[in-house]
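Enquirer: Structure file structure-v9.pdb (PDB, C-alpha atoms) right here:
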```pdb
ATOM      1  CA  MET M 205       0.000   0.000   0.000
ATOM      2  CA  LEU M 206       2.847   2.350   0.862
ATOM      3  CA  LEU M 207       4.499   1.610  -2.488
ATOM      4  CA  ALA M 208       1.288   2.449  -4.336
ATOM      5  CA  ARG M 209       1.026   5.773  -2.503
ATOM      6  CA  CYS M 210       4.657   6.560  -3.267
ATOM      7  CA  SER M 211       4.209   5.783  -6.951
ATOM      8  CA  ILE M 212       1.092   7.966  -7.105
ATOM      9  CA  ALA M 213       2.951  10.779  -5.378
ATOM     10  CA  MET M 214       5.850  10.424  -7.826
ATOM     11  CA  LEU M 215       3.443  10.491 -10.767
ATOM     12  CA  ILE M 216       1.633  13.560  -9.447
ATOM     13  CA  GLY M 217       4.959  15.293  -8.948
ATOM     14  CA  VAL M 218       6.095  14.529 -12.483
ATOM     15  CA  LEU M 219       2.944  15.221 -14.476
ATOM     16  CA  PRO M 220       3.285  19.015 -14.373
ATOM     17  CA  SER M 221       6.730  18.757 -15.940
ATOM     18  CA  LEU M 222       5.285  16.745 -18.817
ATOM     19  CA  SER M 223       3.215  19.681 -20.022
ATOM     20  CA  HIS M 224       6.449  21.054 -21.522
ATOM     21  CA  ALA M 225       7.511  17.779 -23.171
ATOM     22  CA  THR M 226       6.111  18.611 -26.562
ATOM     23  CA  ASP M 227       9.167  18.333 -28.748
ATOM     24  CA  ARG M 228      10.881  15.291 -30.131
ATOM     25  CA  ARG M 229      14.022  15.679 -28.029
ATOM     26  CA  ASP M 230      12.134  15.748 -24.719
ATOM     27  CA  ALA M 231       9.984  12.779 -25.725
ATOM     28  CA  GLU M 232      13.079  10.872 -26.814
ATOM     29  CA  LEU M 233      14.761  11.556 -23.467
ATOM     30  CA  GLU M 234      11.657  10.403 -21.548
ATOM     31  CA  LEU M 235      11.485   7.262 -23.683
ATOM     32  CA  ALA M 236      15.140   6.437 -23.029
ATOM     33  CA  GLN M 237      14.687   6.949 -19.279
ATOM     34  CA  ALA M 238      11.617   4.707 -19.288
ATOM     35  CA  ALA M 239      13.450   1.969 -21.180
ATOM     36  CA  THR M 240      16.294   2.171 -18.667
ATOM     37  CA  ALA M 241      13.880   1.906 -15.713
ATOM     38  CA  VAL M 242      12.129  -1.112 -17.234
ATOM     39  CA  GLN M 243      15.451  -2.817 -17.983
ATOM     40  CA  SER M 244      16.627  -2.128 -14.447
ATOM     41  CA  ALA M 245      13.444  -3.702 -13.071
ATOM     42  CA  GLU M 246      14.000  -6.747 -15.278
ATOM     43  CA  ARG M 247      17.535  -7.115 -13.918
ATOM     44  CA  SER M 248      16.142  -7.078 -10.374
ATOM     45  CA  ASP M 249      13.902 -10.071 -11.176
ATOM     46  CA  ALA M 250      10.786  -7.928 -10.925
ATOM     47  CA  GLY M 251       9.084 -10.230 -13.413
ATOM     48  CA  ALA M 252       9.179 -12.996 -10.825
ATOM     49  CA  TYR M 253       7.999 -10.877  -7.892
ATOM     50  CA  ALA M 254       5.869  -8.154  -9.507
ATOM     51  CA  SER M 255       4.725  -9.519 -12.841
ATOM     52  CA  ALA M 256       1.598  -7.345 -13.074
ATOM     53  CA  ASP M 257       3.647  -4.171 -12.607
ATOM     54  CA  MET M 258       6.207  -5.379 -15.140
ATOM     55  CA  ASN M 259       3.464  -6.150 -17.657
ATOM     56  CA  THR M 260       2.047  -2.657 -17.196
ATOM     57  CA  ALA M 261       5.508  -1.132 -17.559
ATOM     58  CA  HIS M 262       6.077  -3.033 -20.814
ATOM     59  CA  GLU M 263       2.646  -2.022 -22.131
ATOM     60  CA  MET M 264       3.264   1.648 -21.314
ATOM     61  CA  LEU M 265       6.718   1.490 -22.868
ATOM     62  CA  ALA M 266       5.242   0.017 -26.057
ATOM     63  CA  ALA M 267       2.531   2.703 -26.069
ATOM     64  CA  ALA M 268       5.194   5.377 -25.593
ATOM     65  CA  GLN M 269       7.221   3.991 -28.493
ATOM     66  CA  GLY M 270       4.110   3.885 -30.673
ATOM     67  CA  ALA M 271       3.236   7.469 -29.835
ATOM     68  CA  PHE M 272       6.825   8.503 -30.499
ATOM     69  CA  ASP M 273       6.758   6.789 -33.897
ATOM     70  CA  ARG M 274       3.556   8.715 -34.754
ATOM     71  CA  GLY M 275       5.107  12.000 -33.662
ATOM     72  CA  ALA M 276       2.779  12.392 -30.673
ATOM     73  CA  TRP M 277       5.506  13.788 -28.431
ATOM     74  CA  THR M 278       3.417  14.685 -25.385
ATOM     75  CA  GLU M 279       1.589  11.342 -25.420
ATOM     76  CA  SER M 280       4.913   9.565 -25.777
ATOM     77  CA  ALA M 281       6.384  11.480 -22.842
ATOM     78  CA  MET M 282       3.363  10.762 -20.646
ATOM     79  CA  ASN M 283       3.372   7.041 -21.456
ATOM     80  CA  SER M 284       7.128   6.968 -20.927
ATOM     81  CA  GLU M 285       6.707   8.461 -17.473
ATOM     82  CA  LYS M 286       4.028   5.884 -16.644
ATOM     83  CA  ALA M 287       6.346   3.097 -17.819
ATOM     84  CA  LYS M 288       9.178   4.509 -15.728
ATOM     85  CA  VAL M 289       7.001   4.699 -12.598
ATOM     86  CA  ASP M 290       5.647   1.178 -13.132
ATOM     87  CA  GLY M 291       9.165  -0.143 -13.701
ATOM     88  CA  ASP M 292      10.377   1.556 -10.534
ATOM     89  CA  LEU M 293       7.395   0.174  -8.618
ATOM     90  CA  ALA M 294       8.066  -3.346  -9.891
ATOM     91  CA  ALA M 295      11.727  -3.060  -8.886
ATOM     92  CA  ALA M 296      10.730  -1.815  -5.419
ATOM     93  CA  ARG M 297       8.282  -4.681  -4.957
ATOM     94  CA  SER M 298      10.968  -7.106  -6.050
ATOM     95  CA  ARG M 299      13.410  -5.673  -3.500
ATOM     96  CA  GLN M 300      10.703  -5.835  -0.842
ATOM     97  CA  GLN M 301       9.973  -9.485  -1.582
ATOM     98  CA  ARG M 302      13.656 -10.415  -1.522
ATOM     99  CA  ALA M 303      14.082  -8.587   1.799
ATOM    100  CA  THR M 304      11.066 -10.386   3.248
ATOM    101  CA  THR M 305      12.460 -13.736   2.133
ATOM    102  CA  ALA M 306      15.866 -12.939   3.626
ATOM    103  CA  THR M 307      14.260 -11.872   6.898
ATOM    104  CA  ARG M 308      12.347 -15.144   7.138
ATOM    105  CA  GLU M 309      15.519 -17.119   6.475
ATOM    106  CA  ILE M 310      17.399 -15.235   9.190
ATOM    107  CA  GLU M 311      14.552 -15.695  11.648
ATOM    108  CA  ALA M 312      14.518 -19.442  10.929
ATOM    109  CA  SER M 313      18.293 -19.610  11.465
ATOM    110  CA  VAL M 314      17.973 -17.787  14.772
ATOM    111  CA  ARG M 315      15.246 -20.212  15.900
ATOM    112  CA  ASP M 316      17.464 -23.164  14.941
ATOM    113  CA  LEU M 317      20.446 -21.728  16.799
ATOM    114  CA  ARG M 318      18.359 -21.035  19.882
ATOM    115  CA  ALA M 319      17.077 -24.615  19.794
ATOM    116  CA  GLN M 320      20.633 -25.961  19.461
ATOM    117  CA  LEU M 321      21.710 -23.883  22.458
ATOM    118  CA  GLY M 322      18.723 -25.054  24.463
ATOM    119  CA  LEU M 323      17.287 -21.571  24.777
ATOM    120  CA  PRO M 324      13.539 -21.069  24.745
ATOM    121  CA  PRO M 325      12.193 -19.252  21.678
ATOM    122  CA  GLY M 326      11.994 -15.492  22.026
ATOM    123  CA  ASP M 327      13.949 -15.086  25.278
ATOM    124  CA  ALA M 328      16.882 -12.749  25.465
ATOM    125  CA  PRO M 329      20.240 -14.526  25.950
TER     126      PRO M 329
END
```
Could I get this file's structure written as structure tokens?
Expert:
Amino acid sequence: MLLARCSIAMLIGVLPSLSHATDRRDAELELAQAATAVQSAERSDAGAYASADMNTAHEMLAAAQGAFDRGAWTESAMNSEKAKVDGDLAAARSRQQRATTATREIEASVRDLRAQLGLPPGDAP
């Protein structure tokens, strides 16, 4: 839920800047940044942990490329920003899932060590 609020806040903060992205150069820059964000999310295994967000990011990136190819610079920039935000969200969810998994593994190791030492679960040493 927190991630969704953060992504909405990021999108709201960026949308005003898109009103000026009406030329080819700005749209091209936004498209390149979006592609980089989506690739970064892919490298963080976001497809495994946040497949819906990755699918949305890929769809928005494709829409941005299509708009760019048609010369719809503002539409391309807006779709690029959406792709970038979705890619960042997918990467964040992937990091969150990996951190949760690591935490569970550490907690299990601590329980095992406590059992080996004959300590009751949850007591301070």
Enquirer: Selected by the PyMOL selection byres ((chain M and resi 283) around 8) in the shown coordinates: which residues, as a list in words?
Expert: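 So the PyMOL selection byres ((chain M and resi 283) around 8) ends up selecting Met264, Leu265, Ala267, Ala268, Glu279, Ser280, Ala281, Met282, Ser284, Glu285, Lys286 and Ala287 of chain M.
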Enquirer: Counting all atoms listed in the file, figure out which residue out of M:Ala312, M:Ala266, M:Ala250, M:Ala319 gets nearest to Gln300 in chain M.
Expert: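 Result for the nearest residue to Gln300 in chain M: M:Ala250.
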Enquirer: Find the spatial neighbours of Ala245 in chain M, counting only C-alpha atoms, within a cut-off of 12 Å - ignore same-chain residues fewer than 2 positions away - and output them as number ranges by chain.
Expert: M: 238-243, 247-255, 257-259, 261-262, 287-299
Enquirer: Enter the distance from CA of Ala306 in chain M to CA of Arg318 in chain M, in Å, rounded to one decimal.
Expert: 18.3 Å
Enquirer: To one decimal in Å, tell me the separation between CA of Ser244 in chain M and CA of Arg302 in chain M.
Expert: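 That distance, rounded to one decimal, is 15.6 Å.
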Enquirer: Evaluate the PyMOL selection byres ((chain M and resi 227-231) around 7) against this structure - the residues, as an NGL selection string, please.
Expert: :M and (225-226 or 232-235 or 277-278 or 280-281)
Enquirer: Could you state the separation of CA of Glu309 in chain M and CA of Pro325 in chain M in Å, given to one decimal place?
Expert: 15.7 Å
